[in-house]
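> entry-v4.csv is reproduced in full below (CSV, C-alpha atoms).
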```
chain,number,residue,atom,x,y,z
A,1,MET,CA,-95.5,-133.2,120.3
A,2,LEU,CA,-94.0,-136.5,119.0
A,3,ILE,CA,-90.4,-136.5,117.9
A,4,SER,CA,-89.1,-139.3,115.7
A,5,ILE,CA,-85.4,-140.4,116.1
A,6,ILE,CA,-84.2,-142.4,113.1
A,7,VAL,CA,-81.2,-144.7,113.6
A,8,PRO,CA,-79.8,-146.5,110.5
A,9,ILE,CA,-78.0,-149.7,111.6
A,10,TYR,CA,-75.5,-151.9,109.8
A,11,ASN,CA,-73.3,-154.3,111.8
A,12,SER,CA,-73.3,-152.1,114.8
A,13,GLU,CA,-73.4,-154.6,117.7
A,14,LYS,CA,-70.3,-153.1,119.4
A,15,TYR,CA,-71.9,-149.6,119.9
A,16,LEU,CA,-75.7,-150.0,119.4
A,17,LYS,CA,-76.7,-150.5,123.0
A,18,ARG,CA,-74.8,-147.4,124.0
A,19,CYS,CA,-76.5,-145.4,121.3
A,20,VAL,CA,-80.1,-146.5,122.0
A,21,ASP,CA,-79.6,-146.1,125.7
A,22,SER,CA,-78.8,-142.4,125.1
A,23,LEU,CA,-82.0,-142.0,123.2
A,24,LEU,CA,-84.2,-143.8,125.8
A,25,ASN,CA,-82.6,-141.7,128.5
A,26,GLN,CA,-83.8,-138.4,127.0
A,27,GLU,CA,-85.4,-135.9,129.4
A,28,TYR,CA,-88.2,-135.4,126.8
A,29,THR,CA,-90.0,-138.7,126.6
A,30,ASN,CA,-92.6,-138.3,123.9
A,31,LEU,CA,-90.4,-140.1,121.4
A,32,GLU,CA,-90.6,-142.6,118.5
A,33,ILE,CA,-87.3,-144.3,118.2
A,34,ILE,CA,-87.1,-146.0,114.8
A,35,LEU,CA,-84.3,-148.6,114.5
A,36,VAL,CA,-83.7,-149.5,110.9
A,37,ASN,CA,-81.7,-152.7,110.7
A,38,ASP,CA,-80.2,-152.5,107.2
A,39,GLY,CA,-79.3,-156.1,106.6
A,40,SER,CA,-76.8,-156.5,109.4
A,41,LYS,CA,-74.8,-159.7,109.5
A,42,ASP,CA,-73.9,-159.5,113.2
A,43,SER,CA,-76.1,-159.5,116.3
A,44,SER,CA,-77.5,-156.0,115.7
A,45,LEU,CA,-81.0,-157.3,114.8
A,46,GLN,CA,-81.2,-159.2,118.1
A,47,ILE,CA,-80.2,-156.2,120.0
A,48,CYS,CA,-82.9,-154.2,118.3
A,49,LYS,CA,-85.5,-156.9,119.2
A,50,ASP,CA,-84.4,-156.8,122.8
A,51,PHE,CA,-85.0,-153.1,122.9
A,52,LEU,CA,-88.3,-153.5,121.1
A,53,ASN,CA,-89.5,-155.8,123.9
A,54,LYS,CA,-88.4,-153.5,126.7
A,55,ASP,CA,-89.8,-150.1,125.5
A,56,ASN,CA,-93.0,-149.3,123.6
A,57,ARG,CA,-91.3,-146.2,122.0
A,58,ILE,CA,-89.1,-148.5,119.9
A,59,VAL,CA,-90.1,-149.1,116.3
A,60,LEU,CA,-88.2,-151.8,114.4
A,61,VAL,CA,-87.7,-151.8,110.6
A,62,ASP,CA,-85.8,-154.9,109.4
A,63,GLN,CA,-84.8,-154.7,105.7
A,64,VAL,CA,-82.4,-156.1,103.1
A,65,ASN,CA,-79.3,-153.9,102.8
A,66,LYS,CA,-80.1,-150.6,101.0
A,67,GLY,CA,-77.2,-148.5,102.3
A,68,LEU,CA,-77.3,-145.5,104.6
A,69,PRO,CA,-79.5,-143.3,102.4
A,70,GLY,CA,-82.0,-146.1,101.9
A,71,ALA,CA,-82.1,-146.9,105.6
A,72,ARG,CA,-82.8,-143.3,106.5
A,73,ASN,CA,-85.5,-143.1,103.9
A,74,SER,CA,-87.1,-146.2,105.3
A,75,GLY,CA,-87.1,-144.6,108.7
A,76,MET,CA,-88.7,-141.4,107.4
A,77,SER,CA,-91.4,-143.4,105.5
A,78,VAL,CA,-92.8,-144.9,108.7
A,79,ALA,CA,-92.1,-141.9,111.1
A,80,ASN,CA,-95.1,-140.3,112.7
A,81,GLY,CA,-93.3,-137.5,114.5
A,82,ASP,CA,-93.9,-133.8,113.9
A,83,TYR,CA,-90.1,-133.5,113.6
A,84,PHE,CA,-87.4,-136.0,112.6
A,85,CYS,CA,-83.8,-136.3,113.7
A,86,PHE,CA,-81.1,-138.8,112.8
A,87,VAL,CA,-78.5,-140.5,115.0
A,88,ASP,CA,-75.9,-142.9,113.7
A,89,SER,CA,-75.7,-146.2,115.5
A,90,ASP,CA,-72.2,-145.7,116.9
A,91,ASP,CA,-72.9,-142.2,118.3
A,92,ILE,CA,-74.7,-140.9,121.3
A,93,ILE,CA,-76.6,-137.7,122.2
A,94,ASP,CA,-76.8,-135.8,125.5
A,95,SER,CA,-80.0,-136.4,127.6
A,96,ASN,CA,-81.2,-132.8,127.2
A,97,MET,CA,-80.9,-132.5,123.4
A,98,ILE,CA,-84.5,-133.2,122.5
A,99,PHE,CA,-85.8,-131.2,125.4
A,100,ASP,CA,-83.8,-128.1,124.3
A,101,PHE,CA,-84.9,-128.6,120.6
A,102,ILE,CA,-88.5,-128.8,121.7
A,103,ASN,CA,-88.3,-125.4,123.4
A,104,VAL,CA,-87.1,-124.0,120.1
A,105,ILE,CA,-90.0,-125.6,118.3
A,106,ILE,CA,-92.5,-124.3,120.8
A,107,ASN,CA,-91.2,-120.7,120.4
A,108,HIS,CA,-90.2,-120.6,116.7
A,109,SER,CA,-91.4,-123.7,114.8
A,110,PRO,CA,-88.5,-123.6,112.3
A,111,ASP,CA,-88.1,-125.8,109.3
A,112,VAL,CA,-84.7,-126.9,110.6
A,113,ILE,CA,-82.8,-126.7,113.9
A,114,ILE,CA,-78.9,-126.9,114.0
A,115,SER,CA,-76.6,-127.5,116.9
A,116,ASN,CA,-72.9,-128.0,117.4
A,117,ILE,CA,-71.1,-131.4,117.5
A,118,TYR,CA,-68.6,-133.1,119.8
A,119,GLN,CA,-66.1,-134.6,117.4
A,120,TYR,CA,-63.8,-137.3,118.9
A,121,ASN,CA,-60.4,-138.3,117.6
A,122,SER,CA,-59.6,-141.8,116.2
A,123,SER,CA,-58.9,-143.2,119.7
A,124,ASN,CA,-62.2,-141.6,121.0
A,125,GLU,CA,-60.3,-140.2,124.0
A,126,LYS,CA,-60.3,-136.5,123.1
A,127,TYR,CA,-62.8,-134.3,121.4
A,128,SER,CA,-63.2,-130.9,119.8
A,129,ILE,CA,-66.4,-128.9,119.4
A,130,MET,CA,-67.4,-128.4,115.8
A,131,ARG,CA,-69.3,-125.2,115.2
A,132,ASN,CA,-70.0,-122.6,112.5
A,133,ASN,CA,-70.0,-118.9,112.5
A,134,MET,CA,-73.7,-118.1,112.2
A,135,PRO,CA,-76.4,-116.2,114.0
A,136,TYR,CA,-77.2,-118.3,117.1
A,137,GLY,CA,-80.3,-118.0,119.3
A,138,GLU,CA,-82.5,-116.4,116.7
A,139,LEU,CA,-84.6,-117.4,113.7
A,140,MET,CA,-82.6,-117.0,110.5
A,141,ASN,CA,-84.3,-115.4,107.5
A,142,LEU,CA,-83.7,-116.2,103.9
A,143,ASP,CA,-80.8,-113.8,103.5
A,144,GLN,CA,-79.1,-115.2,106.6
A,145,ILE,CA,-79.7,-118.8,105.4
A,146,LYS,CA,-78.0,-117.9,102.2
A,147,LYS,CA,-75.1,-116.0,103.7
A,148,PHE,CA,-74.3,-118.3,106.7
A,149,ILE,CA,-75.2,-121.7,105.3
A,150,LEU,CA,-75.6,-122.0,101.6
A,151,GLU,CA,-72.6,-119.9,100.6
A,152,LEU,CA,-70.4,-122.2,102.7
A,153,TYR,CA,-70.8,-124.8,100.0
A,154,TYR,CA,-68.9,-122.4,97.8
A,155,VAL,CA,-66.2,-121.5,100.3
A,156,GLY,CA,-64.7,-124.8,101.4
A,157,TYR,CA,-65.3,-125.2,105.2
A,158,LEU,CA,-68.8,-126.5,105.9
A,159,GLY,CA,-68.4,-127.5,109.6
A,160,VAL,CA,-71.7,-128.9,110.9
A,161,ILE,CA,-73.8,-128.0,107.9
A,162,PRO,CA,-73.7,-131.1,105.6
A,163,SER,CA,-74.2,-133.8,108.3
A,164,ALA,CA,-77.7,-135.2,108.8
A,165,TRP,CA,-77.1,-135.6,112.6
A,166,SER,CA,-77.1,-132.7,115.1
A,167,LYS,CA,-80.2,-131.4,113.4
A,168,MET,CA,-83.9,-131.6,113.6
A,169,TYR,CA,-86.2,-131.4,110.5
A,170,LYS,CA,-89.9,-130.5,110.4
A,171,LYS,CA,-91.8,-133.4,108.8
A,172,SER,CA,-94.3,-131.2,106.9
A,173,PHE,CA,-91.4,-129.1,105.4
A,174,LEU,CA,-89.6,-132.3,104.1
A,175,ILE,CA,-92.8,-133.7,102.7
A,176,ASP,CA,-93.9,-130.4,101.0
A,177,ASN,CA,-90.6,-130.1,99.3
A,178,ASP,CA,-90.2,-133.9,98.5
A,179,LEU,CA,-86.9,-134.1,100.4
A,180,THR,CA,-85.4,-137.5,100.8
A,181,PHE,CA,-81.9,-139.0,100.6
A,182,ASN,CA,-80.6,-140.0,97.2
A,183,GLU,CA,-80.3,-143.8,97.3
A,184,LYS,CA,-78.1,-143.8,94.2
A,185,LEU,CA,-75.3,-142.1,96.0
A,186,LYS,CA,-72.6,-144.1,97.8
A,187,ARG,CA,-71.1,-141.0,99.3
A,188,SER,CA,-72.2,-137.4,100.1
A,189,GLU,CA,-75.9,-138.3,100.6
A,190,ASP,CA,-76.0,-136.0,103.6
A,191,TYR,CA,-74.2,-133.3,101.8
A,192,TRP,CA,-76.8,-133.1,99.0
A,193,PHE,CA,-79.8,-133.7,101.2
A,194,ASN,CA,-78.9,-130.7,103.3
A,195,LEU,CA,-78.0,-128.5,100.3
A,196,TYR,CA,-81.6,-128.9,99.1
A,197,VAL,CA,-83.0,-128.7,102.7
A,198,PHE,CA,-81.4,-125.2,103.1
A,199,LYS,CA,-82.2,-124.2,99.6
A,200,TYR,CA,-85.9,-124.6,100.3
A,201,ALA,CA,-86.0,-123.7,104.1
A,202,THR,CA,-87.5,-120.4,105.0
A,203,SER,CA,-86.6,-120.6,108.7
A,204,VAL,CA,-83.6,-122.1,110.5
A,205,TYR,CA,-82.6,-121.9,114.1
A,206,ALA,CA,-79.1,-122.5,115.4
A,207,ILE,CA,-78.3,-123.5,119.0
A,208,ASP,CA,-74.8,-122.6,120.1
A,209,LYS,CA,-74.4,-125.8,122.1
A,210,ALA,CA,-73.1,-129.3,121.4
A,211,TYR,CA,-75.3,-132.3,122.2
A,212,TYR,CA,-74.3,-134.9,119.6
A,213,HIS,CA,-71.2,-137.0,120.2
A,214,TYR,CA,-69.6,-138.1,116.9
A,215,PHE,CA,-67.1,-141.0,117.3
A,216,ALA,CA,-64.6,-141.9,114.6
A,217,ASN,CA,-64.1,-145.6,114.2
A,218,GLU,CA,-60.6,-147.0,114.3
A,219,GLY,CA,-59.2,-147.6,110.8
A,220,SER,CA,-61.9,-145.5,109.2
A,221,MET,CA,-59.4,-143.9,106.9
A,222,ILE,CA,-58.6,-147.2,105.1
A,223,ARG,CA,-62.2,-148.3,105.1
A,224,SER,CA,-63.3,-144.9,103.6
A,225,TYR,CA,-61.5,-145.4,100.3
A,226,ARG,CA,-63.7,-145.8,97.3
A,227,ALA,CA,-62.4,-146.5,93.8
A,228,ASP,CA,-64.7,-144.0,92.1
A,229,GLU,CA,-64.3,-141.2,94.5
A,230,TYR,CA,-62.2,-138.9,92.2
A,231,LYS,CA,-65.1,-138.9,89.7
A,232,MET,CA,-67.5,-138.1,92.6
A,233,TYR,CA,-65.4,-135.0,93.5
A,234,VAL,CA,-65.5,-133.8,89.9
A,235,ASP,CA,-69.2,-134.4,89.6
A,236,ASN,CA,-70.0,-132.8,92.9
A,237,ARG,CA,-68.0,-129.7,92.0
A,238,GLU,CA,-69.8,-129.4,88.6
A,239,ARG,CA,-73.2,-130.1,90.2
A,240,LEU,CA,-72.6,-127.4,92.8
A,241,LEU,CA,-71.7,-124.9,90.0
A,242,SER,CA,-74.9,-125.9,88.2
A,243,GLU,CA,-77.0,-125.4,91.3
A,244,ASN,CA,-75.5,-122.0,91.8
A,245,ILE,CA,-77.3,-120.8,88.7
A,246,ASP,CA,-80.4,-120.7,90.9
A,247,LEU,CA,-78.8,-120.1,94.3
A,248,ASN,CA,-76.6,-117.2,93.1
A,249,CYS,CA,-74.2,-117.6,95.9
A,250,ASN,CA,-70.9,-115.7,96.1
A,251,ILE,CA,-68.1,-118.2,95.2
A,252,ASP,CA,-64.8,-117.9,97.1
A,253,TRP,CA,-62.9,-119.3,94.1
A,254,PRO,CA,-59.5,-119.8,95.8
A,255,ASN,CA,-61.0,-121.7,98.8
A,256,PHE,CA,-63.5,-123.5,96.5
A,257,ASP,CA,-60.6,-124.7,94.3
A,258,LYS,CA,-58.3,-125.6,97.2
A,259,LYS,CA,-61.1,-127.7,98.9
A,260,PHE,CA,-61.3,-129.7,95.6
A,261,ILE,CA,-57.5,-130.2,95.6
A,262,GLU,CA,-57.5,-131.2,99.3
A,263,ASN,CA,-60.2,-133.8,98.6
A,264,VAL,CA,-58.3,-135.3,95.6
A,265,ASN,CA,-55.0,-135.3,97.6
A,266,GLU,CA,-56.8,-137.2,100.5
A,267,TYR,CA,-58.2,-139.6,98.0
A,268,ILE,CA,-54.8,-140.4,96.5
A,269,LEU,CA,-53.3,-140.8,99.9
A,270,LEU,CA,-56.0,-143.1,101.0
A,271,SER,CA,-55.6,-145.2,97.8
A,272,ILE,CA,-51.9,-145.6,98.5
A,273,ILE,CA,-52.4,-146.5,102.2
A,274,SER,CA,-55.3,-149.0,101.5
A,275,GLN,CA,-54.4,-150.4,98.1
A,276,GLY,CA,-50.6,-150.1,97.9
A,277,PHE,CA,-48.4,-147.7,95.9
A,278,PHE,CA,-47.8,-150.0,92.9
A,279,LYS,CA,-51.3,-151.5,92.7
A,280,ILE,CA,-52.9,-148.1,92.4
A,281,TYR,CA,-50.1,-146.4,90.4
A,282,ASN,CA,-51.7,-146.4,87.0
A,283,LYS,CA,-55.0,-145.1,88.3
A,284,ASN,CA,-53.4,-142.3,90.2
A,285,SER,CA,-51.3,-141.4,87.2
A,286,LYS,CA,-54.5,-140.8,85.2
A,287,ILE,CA,-55.7,-138.4,87.9
A,288,LEU,CA,-52.5,-136.4,87.9
A,289,SER,CA,-52.7,-136.3,84.1
A,290,ASP,CA,-56.3,-135.2,84.1
A,291,LYS,CA,-56.7,-131.6,82.7
A,292,TYR,CA,-59.5,-130.8,85.1
A,293,PHE,CA,-57.3,-131.5,88.1
A,294,ARG,CA,-54.2,-129.9,86.6
A,295,ASN,CA,-56.0,-126.7,85.6
A,296,ILE,CA,-57.3,-126.1,89.2
A,297,LEU,CA,-54.0,-127.1,90.7
A,298,PHE,CA,-51.9,-124.7,88.6
A,299,LYS,CA,-54.1,-121.6,88.9
A,300,ASN,CA,-53.8,-121.7,92.7
A,301,SER,CA,-51.0,-121.3,95.2
A,302,PHE,CA,-50.5,-123.6,98.2
A,303,GLU,CA,-48.8,-123.1,101.6
A,304,LYS,CA,-48.1,-126.8,102.3
A,305,ARG,CA,-44.6,-127.7,101.1
A,306,HIS,CA,-45.5,-131.2,99.8
A,307,ILE,CA,-48.2,-129.8,97.6
A,308,GLN,CA,-45.8,-127.2,96.2
A,309,ILE,CA,-43.4,-130.1,95.4
A,310,ILE,CA,-46.1,-132.1,93.7
A,311,LYS,CA,-47.1,-129.0,91.7
A,312,PHE,CA,-43.5,-128.5,90.6
A,313,PHE,CA,-43.1,-132.0,89.4
A,314,LEU,CA,-46.4,-131.9,87.5
A,315,LYS,CA,-45.4,-128.7,85.9
A,316,PHE,CA,-42.6,-130.6,84.1
A,317,LYS,CA,-44.8,-133.7,83.7
A,318,CYS,CA,-42.8,-135.7,86.1
A,319,ILE,CA,-45.7,-137.8,87.3
A,320,PRO,CA,-43.6,-140.6,88.8
A,321,LEU,CA,-41.8,-138.1,91.1
A,322,ALA,CA,-45.1,-136.5,92.0
A,323,LEU,CA,-46.6,-139.9,92.9
A,324,PHE,CA,-43.5,-140.7,94.9
A,325,THR,CA,-44.0,-137.5,96.9
A,326,TYR,CA,-47.6,-138.7,97.7
A,327,TYR,CA,-46.1,-142.0,98.8
A,328,ILE,CA,-43.7,-140.3,101.3
A,329,TRP,CA,-46.6,-138.2,102.4
A,330,SER,CA,-48.7,-141.3,103.0
A,331,LEU,CA,-45.9,-142.8,105.2
A,332,LYS,CA,-46.1,-139.8,107.5
A,333,ILE,CA,-49.9,-140.2,107.8
A,334,LYS,CA,-49.6,-143.9,108.7
A,335,LYS,CA,-47.3,-143.1,111.6
```
Just dump the structure as structure tokens.

Amino acid sequence: MLISIIVPIYNSEKYLKRCVDSLLNQEYTNLEIILVNDGSKDSSLQICKDFLNKDNRIVLVDQVNKGLPGARNSGMSVANGDYFCFVDSDDIIDSNMIFDFINVIINHSPDVIISNIYQYNSSNEKYSIMRNNMPYGELMNLDQIKKFILELYYVGYLGVIPSAWSKMYKKSFLIDNDLTFNEKLKRSEDYWFNLYVFKYATSVYAIDKAYYHYFANEGSMIRSYRADEYKMYVDNRERLLSENIDLNCNIDWPNFDKKFIENVNEYILLSIISQGFFKIYNKNSKILSDKYFRNILFKNSFEKRHIQIIKFFLKFKCIPLALFTYYIWSLKIKK
């Protein structure tokens, strides 16, 4: 059985060799390793060519920059494997990952396989294991997929569910349901891809073991700021509620609301850290004045003291003081 491993690559010269070595060193060897160079400006393409000349399991796709979803779709379009999995170019996987997944496929042939994740801190020195509370070691049916996976989109904590990595997807299942990554999205492409994956999946198998090592790049907080991200959070929330007309999941409204507020708070903090308090002041003022944000904020209670203070200031329309509270909060984060 052939397994396709798709690696989207953009300016990854620092970590790429480590990543590809972990794939070539898999105990299961019937692999197709698809390296998608997505318009890199560093030496990533040359590193890919070096691997191409060393191992006949390497497939190289060199393209103009399309972004992460476009790179993954390009890999999927040329993949010949019976199952796909995705590995980011700065991460690695344990040598027994594919072997263990193959055993699940032989015994159960699920649409999707999920495993846990080693998540490293910003210095990449310590890790925690990310896992979900779900039935492990058995084939989940439709009711279990809804309860333990889909409904998490309406609770707040998703854990390993939304990421493309740490999973394996059956090729025929993806093709039959026309499932690809939305190339129009700058963020959350994994999030929506997997929502539809689990919406249409009829069988999912979860392994209670971590194989995938996810590394956080230094400075990723500042680099992760996007000017239109507040709109994305609003759109995602409304889109989720629209999708639930069909899914009919139970919504944990307090946690669903609080997750939205947490995302917006993080966005405001990142904007202050990366852009500066005064430069981004007017834009953040508009967010705090937005009725959509305020309605969700005011109908919920929060344990964190700084959110309580912000809520108090906004109650009396003291936006400058609320923003100053965010500024103090951002200083603590930078330390």
> Check which residues of stretch 221-310 of chain A sit at most 10 Å from stretch 195-216 of chain A using only C-alpha atoms, and return one row each with the closest pair of atoms and their distance in Å to one decimal, ordered by chain and rising number, as CSV.

```
residue,atom,partner,partner_atom,distance
A:Met221,CA,A:Ala216,CA,9.5
A:Leu240,CA,A:Leu195,CA,9.3
A:Glu243,CA,A:Leu195,CA,9.6
A:Asp246,CA,A:Lys199,CA,9.5
A:Leu247,CA,A:Lys199,CA,7.5
```
> Using all atoms listed in the file, which of the listed residues (A:Phe193, A:Tyr267, A:Ser242, A:Ile9) sits closest to A:Ile280?
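Looking at the shortest contact to A:Ile280, the residue is A:Tyr267.
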> Find the residue from A:Ser123, A:Ser4, A:Asn65, A:Asn116 that sits nearest to A:Phe84; use all atoms listed in the file when measuring.
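For A:Phe84, the nearest of the given residues is A:Ser4.
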> Name the closest residue to A:Lys146 among the candidates A:Asn250, A:Gln63, A:Ala79, A:Lys231; distances are taken between atoms, counting only C-alpha atoms.
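Answer, going by the shortest atom-to-atom distance: A:Asn250.
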> What gap, in Å, lies between atom CA of A:Phe101 and atom CA of A:Asp82?
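Distance reported for this atom pair: 12.4 Å.
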> Of the candidates A:Tyr28, A:Tyr281, A:Ser301, A:Gly276, which one gets nearest to A:Asn103 if we count only C-alpha atoms?
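Of the candidates, the smallest distance to A:Asn103 is held by A:Tyr28.
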> Using only C-alpha atoms, give me every residue within 10 Å of (-61.9, -140.2, 119.6) in file coordinates, as a list in words.
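Nearby residues: Tyr118, Gln119, Tyr120, Asn121, Ser122, Ser123, Asn124, Glu125, Lys126, Tyr127, Ser128, His213, Tyr214, Phe215, Ala216, Asn217 and Glu218 of chain A.
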> Residues as selected, C-alpha atoms, written as a PDB file, in the coordinates of the input, can you do that?

```
ATOM      1  CA  TYR A 118     -68.600-133.100 119.800  1.00  0.00           C
ATOM      2  CA  GLN A 119     -66.100-134.600 117.400  1.00  0.00           C
ATOM      3  CA  TYR A 120     -63.800-137.300 118.900  1.00  0.00           C
ATOM      4  CA  ASN A 121     -60.400-138.300 117.600  1.00  0.00           C
ATOM      5  CA  SER A 122     -59.600-141.800 116.200  1.00  0.00           C
ATOM      6  CA  SER A 123     -58.900-143.200 119.700  1.00  0.00           C
ATOM      7  CA  ASN A 124     -62.200-141.600 121.000  1.00  0.00           C
ATOM      8  CA  GLU A 125     -60.300-140.200 124.000  1.00  0.00           C
ATOM      9  CA  LYS A 126     -60.300-136.500 123.100  1.00  0.00           C
ATOM     10  CA  TYR A 127     -62.800-134.300 121.400  1.00  0.00           C
ATOM     11  CA  SER A 128     -63.200-130.900 119.800  1.00  0.00           C
ATOM     12  CA  HIS A 213     -71.200-137.000 120.200  1.00  0.00           C
ATOM     13  CA  TYR A 214     -69.600-138.100 116.900  1.00  0.00           C
ATOM     14  CA  PHE A 215     -67.100-141.000 117.300  1.00  0.00           C
ATOM     15  CA  ALA A 216     -64.600-141.900 114.600  1.00  0.00           C
ATOM     16  CA  ASN A 217     -64.100-145.600 114.200  1.00  0.00           C
ATOM     17  CA  GLU A 218     -60.600-147.000 114.300  1.00  0.00           C
TER      18      GLU A 218
END
```
> For A:Gly75, which residue among A:Tyr327, A:Phe181, A:Tyr157, A:Tyr191 is the nearest when counting all atoms listed in the file?
A:Phe181
> Rounded to one decimal, what separation in Å do you get between atom CA of A:Leu31 and atom CA of A:Ile3?
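Separating atom CA of A:Leu31 from atom CA of A:Ile3 is a distance of 5.0 Å.
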> For a test of reading the model, state the distance in Å between atom CA of A:Glu13 and atom CA of A:Gly159, rounded to one decimal.
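Result for atom CA of A:Glu13 versus atom CA of A:Gly159: 28.7 Å, one decimal.
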> Please work out which residues fall within 9 Å of (-89.2, -129.4, 112.3), coordinates as given in the file, with only C-alpha atoms counting, and return them as a list of chain:residue names.
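Residues lying no farther than 9 Å from the given point: A:Asp82, A:Tyr83, A:Phe84, A:Cys85, A:Ile105, A:Ser109, A:Pro110, A:Asp111, A:Val112, A:Ile113, A:Met168, A:Tyr169, A:Lys170, A:Lys171, A:Ser172, A:Phe173, A:Leu174.
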> Pick from A:Asp88, A:Ile272, A:Asp55, A:Lys184: nearest to A:Ile333, with only C-alpha atoms counted?
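Smallest separation from A:Ile333 among the options: A:Ile272.
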> Residues within 12 Å of stretch 257-265 of chain A, please, as an mmCIF file with C-alpha atoms, in the coordinates of the input. Count only C-alpha atoms; anything in the same chain fewer than 3 positions from it doesn't count.

```cif
data_model
loop_
_atom_site.group_PDB
_atom_site.id
_atom_site.type_symbol
_atom_site.label_atom_id
_atom_site.label_comp_id
_atom_site.auth_asym_id
_atom_site.auth_seq_id
_atom_site.Cartn_x
_atom_site.Cartn_y
_atom_site.Cartn_z
ATOM 1 C CA LEU A 152 -70.400 -122.200 102.700
ATOM 2 C CA TYR A 153 -70.800 -124.800 100.000
ATOM 3 C CA TYR A 154 -68.900 -122.400 97.800
ATOM 4 C CA VAL A 155 -66.200 -121.500 100.300
ATOM 5 C CA GLY A 156 -64.700 -124.800 101.400
ATOM 6 C CA TYR A 157 -65.300 -125.200 105.200
ATOM 7 C CA LEU A 158 -68.800 -126.500 105.900
ATOM 8 C CA TYR A 225 -61.500 -145.400 100.300
ATOM 9 C CA ARG A 226 -63.700 -145.800 97.300
ATOM 10 C CA ASP A 228 -64.700 -144.000 92.100
ATOM 11 C CA GLU A 229 -64.300 -141.200 94.500
ATOM 12 C CA TYR A 230 -62.200 -138.900 92.200
ATOM 13 C CA LYS A 231 -65.100 -138.900 89.700
ATOM 14 C CA MET A 232 -67.500 -138.100 92.600
ATOM 15 C CA TYR A 233 -65.400 -135.000 93.500
ATOM 16 C CA VAL A 234 -65.500 -133.800 89.900
ATOM 17 C CA ASP A 235 -69.200 -134.400 89.600
ATOM 18 C CA ASN A 236 -70.000 -132.800 92.900
ATOM 19 C CA ARG A 237 -68.000 -129.700 92.000
ATOM 20 C CA GLU A 238 -69.800 -129.400 88.600
ATOM 21 C CA LEU A 240 -72.600 -127.400 92.800
ATOM 22 C CA LEU A 241 -71.700 -124.900 90.000
ATOM 23 C CA ILE A 251 -68.100 -118.200 95.200
ATOM 24 C CA ASP A 252 -64.800 -117.900 97.100
ATOM 25 C CA TRP A 253 -62.900 -119.300 94.100
ATOM 26 C CA PRO A 254 -59.500 -119.800 95.800
ATOM 27 C CA ILE A 268 -54.800 -140.400 96.500
ATOM 28 C CA LEU A 269 -53.300 -140.800 99.900
ATOM 29 C CA LEU A 270 -56.000 -143.100 101.000
ATOM 30 C CA SER A 271 -55.600 -145.200 97.800
ATOM 31 C CA ILE A 272 -51.900 -145.600 98.500
ATOM 32 C CA ASN A 284 -53.400 -142.300 90.200
ATOM 33 C CA ILE A 287 -55.700 -138.400 87.900
ATOM 34 C CA LEU A 288 -52.500 -136.400 87.900
ATOM 35 C CA ASP A 290 -56.300 -135.200 84.100
ATOM 36 C CA TYR A 292 -59.500 -130.800 85.100
ATOM 37 C CA PHE A 293 -57.300 -131.500 88.100
ATOM 38 C CA ARG A 294 -54.200 -129.900 86.600
ATOM 39 C CA ASN A 295 -56.000 -126.700 85.600
ATOM 40 C CA ILE A 296 -57.300 -126.100 89.200
ATOM 41 C CA LEU A 297 -54.000 -127.100 90.700
ATOM 42 C CA PHE A 298 -51.900 -124.700 88.600
ATOM 43 C CA LYS A 299 -54.100 -121.600 88.900
ATOM 44 C CA ASN A 300 -53.800 -121.700 92.700
ATOM 45 C CA SER A 301 -51.000 -121.300 95.200
ATOM 46 C CA PHE A 302 -50.500 -123.600 98.200
ATOM 47 C CA GLU A 303 -48.800 -123.100 101.600
ATOM 48 C CA LYS A 304 -48.100 -126.800 102.300
ATOM 49 C CA HIS A 306 -45.500 -131.200 99.800
ATOM 50 C CA ILE A 307 -48.200 -129.800 97.600
ATOM 51 C CA ILE A 310 -46.100 -132.100 93.700
ATOM 52 C CA LYS A 311 -47.100 -129.000 91.700
ATOM 53 C CA ALA A 322 -45.100 -136.500 92.000
ATOM 54 C CA LEU A 323 -46.600 -139.900 92.900
ATOM 55 C CA THR A 325 -44.000 -137.500 96.900
ATOM 56 C CA TYR A 326 -47.600 -138.700 97.700
ATOM 57 C CA TYR A 327 -46.100 -142.000 98.800
ATOM 58 C CA TRP A 329 -46.600 -138.200 102.400
ATOM 59 C CA SER A 330 -48.700 -141.300 103.000
#
```
> Can you tell me which residues surround A:Ile47 at a distance of at most 10 Å, considering only C-alpha atoms, apart from same-chain residues fewer than 5 positions away, and format the answer as a JSON list (two decimals) with C-alpha atoms, keeping the file's coordinate frame?

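Result file part-v6.json:
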```
[["chain", "number", "residue", "atom", "x", "y", "z"],
["A", 12, "SER", "CA", -73.30, -152.10, 114.80],
["A", 13, "GLU", "CA", -73.40, -154.60, 117.70],
["A", 16, "LEU", "CA", -75.70, -150.00, 119.40],
["A", 17, "LYS", "CA", -76.70, -150.50, 123.00],
["A", 20, "VAL", "CA", -80.10, -146.50, 122.00],
["A", 42, "ASP", "CA", -73.90, -159.50, 113.20],
["A", 52, "LEU", "CA", -88.30, -153.50, 121.10]]
```
